[in-house]
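Below is one structure, written out as structure tokens, with a few remarks after it.
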Amino acid sequence: MSHRGRRSSPLRCGALHLPAPAAPLPPLKEAVIPSSLTATPRPTAETVSAPAKPTAGTILNHGELARALKVVEFGVCVKSVEAQRGVLIETDHNRAKLTTFDYETAVSVTLTGRARKGSSLLHFVQLKKALAAMVAGETKSRAEGTVVSLTGDLLSTDHLTVPIAALEREEFTAPPEPLPSTVTVDAGEFFAELKRVLPAAARDDTLPLLSAVKFTLSGQTLTLAATDRYRLAEGQVRAEATVRSPDKPLSVLFSASVLVSLLKQFKTYQGPIGIGLLGEDGDIPRATLTLGDTQITVRSREGEFPQYAAIFPTTFTASVRMDRATLVRAAKKSMAMVQAVGSTGGPVALLWDQEGALSVAPVIADPEAQSRVRGTNVPHTLTCGTGKDVAEQSVRFNPAFLLAALDAFSHKDSVTLHIKEFEDGHAARPVVLSADDGQDNYRHLLMPVRVHASA
């Protein structure tokens, strides 16, 4: 949006003109159970009966149980009804399945071990702390191999036995069924592309649709997209079908915060990742990721993600190829200088002089002082346009956004900046960063910072 003519502030950062969703949603609220998943109404104090006796029974190594609890932790709903603060442990046929569900995200881990048929809903935090206390004072290797048994609500080792708080199994809202995988993707490729796309997602839930990553499966391609209105990132991952490909593309809005937790928990995972998607045509639109013994099922955010394809320009006044490392160093110096002598949050600028030489410089509030600033020279090549097209022009960016975009190309030697057009000496429309090597389909769109004419 243009801020030309406004005088309330010299600097304005324009937002991307993203089409509004058909029906904007209010922020997600804590402890609101979707009607499609609502369990039997909670009994009143007068009708509460004794909780079902915990009956799970299994024997596992301490290390694998501790790892499983760490994984399912991000499905625990800590600010909800008591039952959703627990971990459901179901045992049968030499396996133990741990499940948590916070009404949006369900996480389950299946472990192999001696087991008998039964189930227990135990207080998650107490179980996690008690498990750690069981091996206090032991070496790491000895703790890992310690045999732990769970009988109902009793947690035991050779040295200690302690009861864990049991919660009412009947009050636990069961998650939707995990979806079978329709495609698999390479974990390394998937995680690498997620790391590139996630920085563009909104950081809070005031705009629920934008604090998600859009997964779109079309044929043999999984497309990931995220935007916070000031930048937009899109990447693609090769997908291998495990069943017949769907007749039309399937899309799901996957919580960005869950994906951040996923990256932390599975940063060393190297196996394939199974992906199942159920779009708006299904009963409960959702996605399931399967990583070995772990399944993560997330309800799709409701609403329509912005139709962003038309936002990416297809023609450009100039395309500028630069050495990525040189540009990063120049941007970091300018950002630090803005903070030192300018104003926190001020932009940095790519400036071309009369001869078409490029430099990166801090933008400070004082126009007279700005005229004396000399930036860091950045060698470049124009792959589209001429020196006359860029002479005495500039592009101004939020430096943190620019550096985050450049970080997405950390495995590349160069990066290309595509500029659609200039107005009054400045780029006013979204610009696109890409690798332009014919092998990388990732693209990152940035909205320039607009500067008041008097600045």
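Numbering starts fresh at 1 for the residues of each chain in the structure tokens, the chains themselves are lettered A, B, ... in the order given, and ligands are numbered from 1 as they appear.
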If you run DSSP over the backbone, which residues in range 98-298 of chain A end up strand (DSSP E)? Put them as a ChimeraX atom specification. /A:98-101,105-112,114-116,118-123,147-151,154-156,161-163,183-186,212-218,221-227,231-238,240-241,250-255,272-278,286-291,294-298
Which residues of range 420-441 of chain A come within 10 Å of range 225-233 of chain A, and for each one, what is the closest pair of atoms and their distance in Å to one decimal, counting only C-alpha atoms, sorted by chain and residue number, as JSON lines?
{"residue": "A:Pro430", "atom": "CA", "partner": "A:Arg231", "partner_atom": "CA", "distance": 8.5}
{"residue": "A:Val431", "atom": "CA", "partner": "A:Arg231", "partner_atom": "CA", "distance": 9.5}
{"residue": "A:Val432", "atom": "CA", "partner": "A:Leu232", "partner_atom": "CA", "distance": 9.3}
{"residue": "A:Leu433", "atom": "CA", "partner": "A:Ala233", "partner_atom": "CA", "distance": 9.6}
Counting only C-alpha atoms, closest pick from A:Pro54, A:Gly356, A:Gly292, A:Gly63 relative to Lys140 in chain A is A:Gly63
For range 337-340 of chain A, work out the shell of residues within 10 Å, counting only C-alpha atoms and skipping chain neighbours fewer than 2 positions away, then give it as a PyMOL selection string. chain A and resi 331-335+342-348+361-365+399
Dump as a PDB file, in the first residue's frame, selection limited to N, CA and C atoms:
ATOM      1  N   ALA A 331      25.298  -5.982   4.083  1.00  0.00           N
ATOM      2  CA  ALA A 331      24.016  -5.761   4.756  1.00  0.00           C
ATOM      3  C   ALA A 331      24.174  -5.763   6.269  1.00  0.00           C
ATOM      4  N   LYS A 332      25.028  -6.652   6.795  1.00  0.00           N
ATOM      5  CA  LYS A 332      25.249  -6.698   8.243  1.00  0.00           C
ATOM      6  C   LYS A 332      25.936  -5.429   8.736  1.00  0.00           C
ATOM      7  N   LYS A 333      26.898  -4.920   7.982  1.00  0.00           N
ATOM      8  CA  LYS A 333      27.572  -3.681   8.371  1.00  0.00           C
ATOM      9  C   LYS A 333      26.583  -2.514   8.392  1.00  0.00           C
ATOM     10  N   SER A 334      25.742  -2.445   7.374  1.00  0.00           N
ATOM     11  CA  SER A 334      24.771  -1.353   7.308  1.00  0.00           C
ATOM     12  C   SER A 334      23.724  -1.458   8.404  1.00  0.00           C
ATOM     13  N   MET A 335      23.272  -2.668   8.706  1.00  0.00           N
ATOM     14  CA  MET A 335      22.300  -2.837   9.782  1.00  0.00           C
ATOM     15  C   MET A 335      22.894  -2.405  11.111  1.00  0.00           C
ATOM     16  N   GLY A 342      21.727   5.603  13.547  1.00  0.00           N
ATOM     17  CA  GLY A 342      20.427   5.895  12.969  1.00  0.00           C
ATOM     18  C   GLY A 342      19.330   5.631  13.971  1.00  0.00           C
ATOM     19  N   SER A 343      18.365   4.840  13.560  1.00  0.00           N
ATOM     20  CA  SER A 343      17.261   4.495  14.463  1.00  0.00           C
ATOM     21  C   SER A 343      17.013   3.000  14.357  1.00  0.00           C
ATOM     22  N   THR A 344      16.743   2.376  15.496  1.00  0.00           N
ATOM     23  CA  THR A 344      16.480   0.946  15.505  1.00  0.00           C
ATOM     24  C   THR A 344      15.312   0.628  14.575  1.00  0.00           C
ATOM     25  N   GLY A 345      15.522  -0.330  13.713  1.00  0.00           N
ATOM     26  CA  GLY A 345      14.476  -0.703  12.764  1.00  0.00           C
ATOM     27  C   GLY A 345      14.546   0.061  11.456  1.00  0.00           C
ATOM     28  N   GLY A 346      15.541   0.955  11.315  1.00  0.00           N
ATOM     29  CA  GLY A 346      15.688   1.687  10.065  1.00  0.00           C
ATOM     30  C   GLY A 346      16.138   0.775   8.944  1.00  0.00           C
ATOM     31  N   PRO A 347      15.911   1.191   7.689  1.00  0.00           N
ATOM     32  CA  PRO A 347      16.246   0.327   6.555  1.00  0.00           C
ATOM     33  C   PRO A 347      17.706   0.439   6.127  1.00  0.00           C
ATOM     34  N   VAL A 348      18.089  -0.495   5.269  1.00  0.00           N
ATOM     35  CA  VAL A 348      19.350  -0.397   4.539  1.00  0.00           C
ATOM     36  C   VAL A 348      18.976  -0.291   3.065  1.00  0.00           C
ATOM     37  N   ALA A 361      24.184   0.680   1.828  1.00  0.00           N
ATOM     38  CA  ALA A 361      24.423   1.733   2.815  1.00  0.00           C
ATOM     39  C   ALA A 361      23.300   1.783   3.839  1.00  0.00           C
ATOM     40  N   PRO A 362      23.614   2.259   5.067  1.00  0.00           N
ATOM     41  CA  PRO A 362      22.559   2.470   6.063  1.00  0.00           C
ATOM     42  C   PRO A 362      21.736   3.700   5.692  1.00  0.00           C
ATOM     43  N   VAL A 363      20.452   3.676   6.030  1.00  0.00           N
ATOM     44  CA  VAL A 363      19.587   4.831   5.834  1.00  0.00           C
ATOM     45  C   VAL A 363      19.314   5.422   7.208  1.00  0.00           C
ATOM     46  N   ILE A 364      19.770   6.653   7.412  1.00  0.00           N
ATOM     47  CA  ILE A 364      19.577   7.310   8.708  1.00  0.00           C
ATOM     48  C   ILE A 364      18.588   8.451   8.554  1.00  0.00           C
ATOM     49  N   ALA A 365      18.054   8.912   9.684  1.00  0.00           N
ATOM     50  CA  ALA A 365      16.923   9.831   9.641  1.00  0.00           C
ATOM     51  C   ALA A 365      17.288  11.231   9.164  1.00  0.00           C
ATOM     52  N   PRO A 399      16.438  -4.584   7.144  1.00  0.00           N
ATOM     53  CA  PRO A 399      17.668  -5.389   7.075  1.00  0.00           C
ATOM     54  C   PRO A 399      17.512  -6.799   7.603  1.00  0.00           C
TER      55      PRO A 399
END
Skipping near chain neighbours, those fewer than 3 positions away, what residues fall within 6 Å of Glu234 in chain A using only C-alpha atoms, listed as a ChimeraX atom specification? /A:224-225,442-443
Grab the CA of Ser218 in chain A to CA of Leu291 in chain A distance for me, in Å with one decimal place.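 Answer for the CA of Ser218 in chain A to CA of Leu291 in chain A separation: 21.3 Å.
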Near-Thr184 in chain A list (8 Å; only C-alpha atoms; drop same-chain fewer than 3 positions) as a PyMOL selection string: chain A and resi 181+239-242+272-275
Calculated over only C-alpha atoms, which of the candidates A:Leu160, A:Met447, A:Leu351, A:Leu155 has the smallest distance to Lys128 in chain A?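 Distance minimum relative to Lys128 in chain A lands on A:Leu155.
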May I ask which of the residues A:Tyr308, A:Phe401, A:Trp352, A:Phe124 is the closest one to Thr100 in chain A, counting only C-alpha atoms?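 Smallest distance to Thr100 in chain A is found for A:Phe124.
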Identify, on the basis of only C-alpha atoms, every residue whose closest approach to Gly118 in chain A does not exceed 8 Å; exclude the query and any residue fewer than 3 positions from it along the same chain; express the result as a short mmCIF file (atom, residue, chain, number, x, y, z; two decimals) with N, CA, C and O atoms, in the first residue's frame.
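The file below, result_20.cif, is the result:
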data_model
loop_
_atom_site.label_atom_id
_atom_site.label_comp_id
_atom_site.auth_asym_id
_atom_site.auth_seq_id
_atom_site.Cartn_x
_atom_site.Cartn_y
_atom_site.Cartn_z
N PRO A 54 -6.14 -47.12 35.63
CA PRO A 54 -5.09 -47.22 34.62
C PRO A 54 -4.59 -48.66 34.52
O PRO A 54 -4.30 -49.30 35.53
N THR A 55 -4.51 -49.16 33.30
CA THR A 55 -4.19 -50.58 33.11
C THR A 55 -3.02 -50.84 32.17
O THR A 55 -2.71 -51.99 31.87
N ALA A 56 -2.37 -49.79 31.69
CA ALA A 56 -1.26 -50.00 30.76
C ALA A 56 -0.15 -50.78 31.45
O ALA A 56 0.10 -50.63 32.65
N GLY A 57 0.54 -51.61 30.69
CA GLY A 57 1.66 -52.36 31.24
C GLY A 57 2.75 -52.55 30.19
O GLY A 57 2.49 -53.10 29.12
N GLU A 90 -1.07 -46.45 25.53
CA GLU A 90 -1.84 -47.64 25.18
C GLU A 90 -0.85 -48.77 24.88
O GLU A 90 0.06 -48.60 24.07
N THR A 91 -1.06 -49.90 25.53
CA THR A 91 -0.13 -51.02 25.38
C THR A 91 -0.87 -52.26 24.89
O THR A 91 -2.01 -52.52 25.29
N ASP A 92 -0.18 -53.01 24.01
CA ASP A 92 -0.78 -54.23 23.48
C ASP A 92 0.20 -54.86 22.50
O ASP A 92 0.90 -54.14 21.77
#
Would you please extract all helix (DSSP H, G or I) residues from range 150-278 of chain A, as assigned by DSSP on the backbone, and give them as JSON, numbers by chain? {"A": [169, 170, 171, 187, 188, 189, 190, 191, 192, 193, 194, 195, 196, 197, 198, 199, 200, 208, 209, 210, 211, 256, 257, 258, 259, 260, 261, 262, 263, 264, 265]}
Atomic distance CA of Ala318 in chain A - CA of Arg450 in chain A, expressed in Å with one decimal: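 Separation of CA of Ala318 in chain A and CA of Arg450 in chain A: 18.8 Å.
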Name the closest residue to Leu350 in chain A among the candidates A:Ile284, A:Glu170, A:Glu302, A:Leu417; distances are taken between atoms, counting only C-alpha atoms. A:Leu417
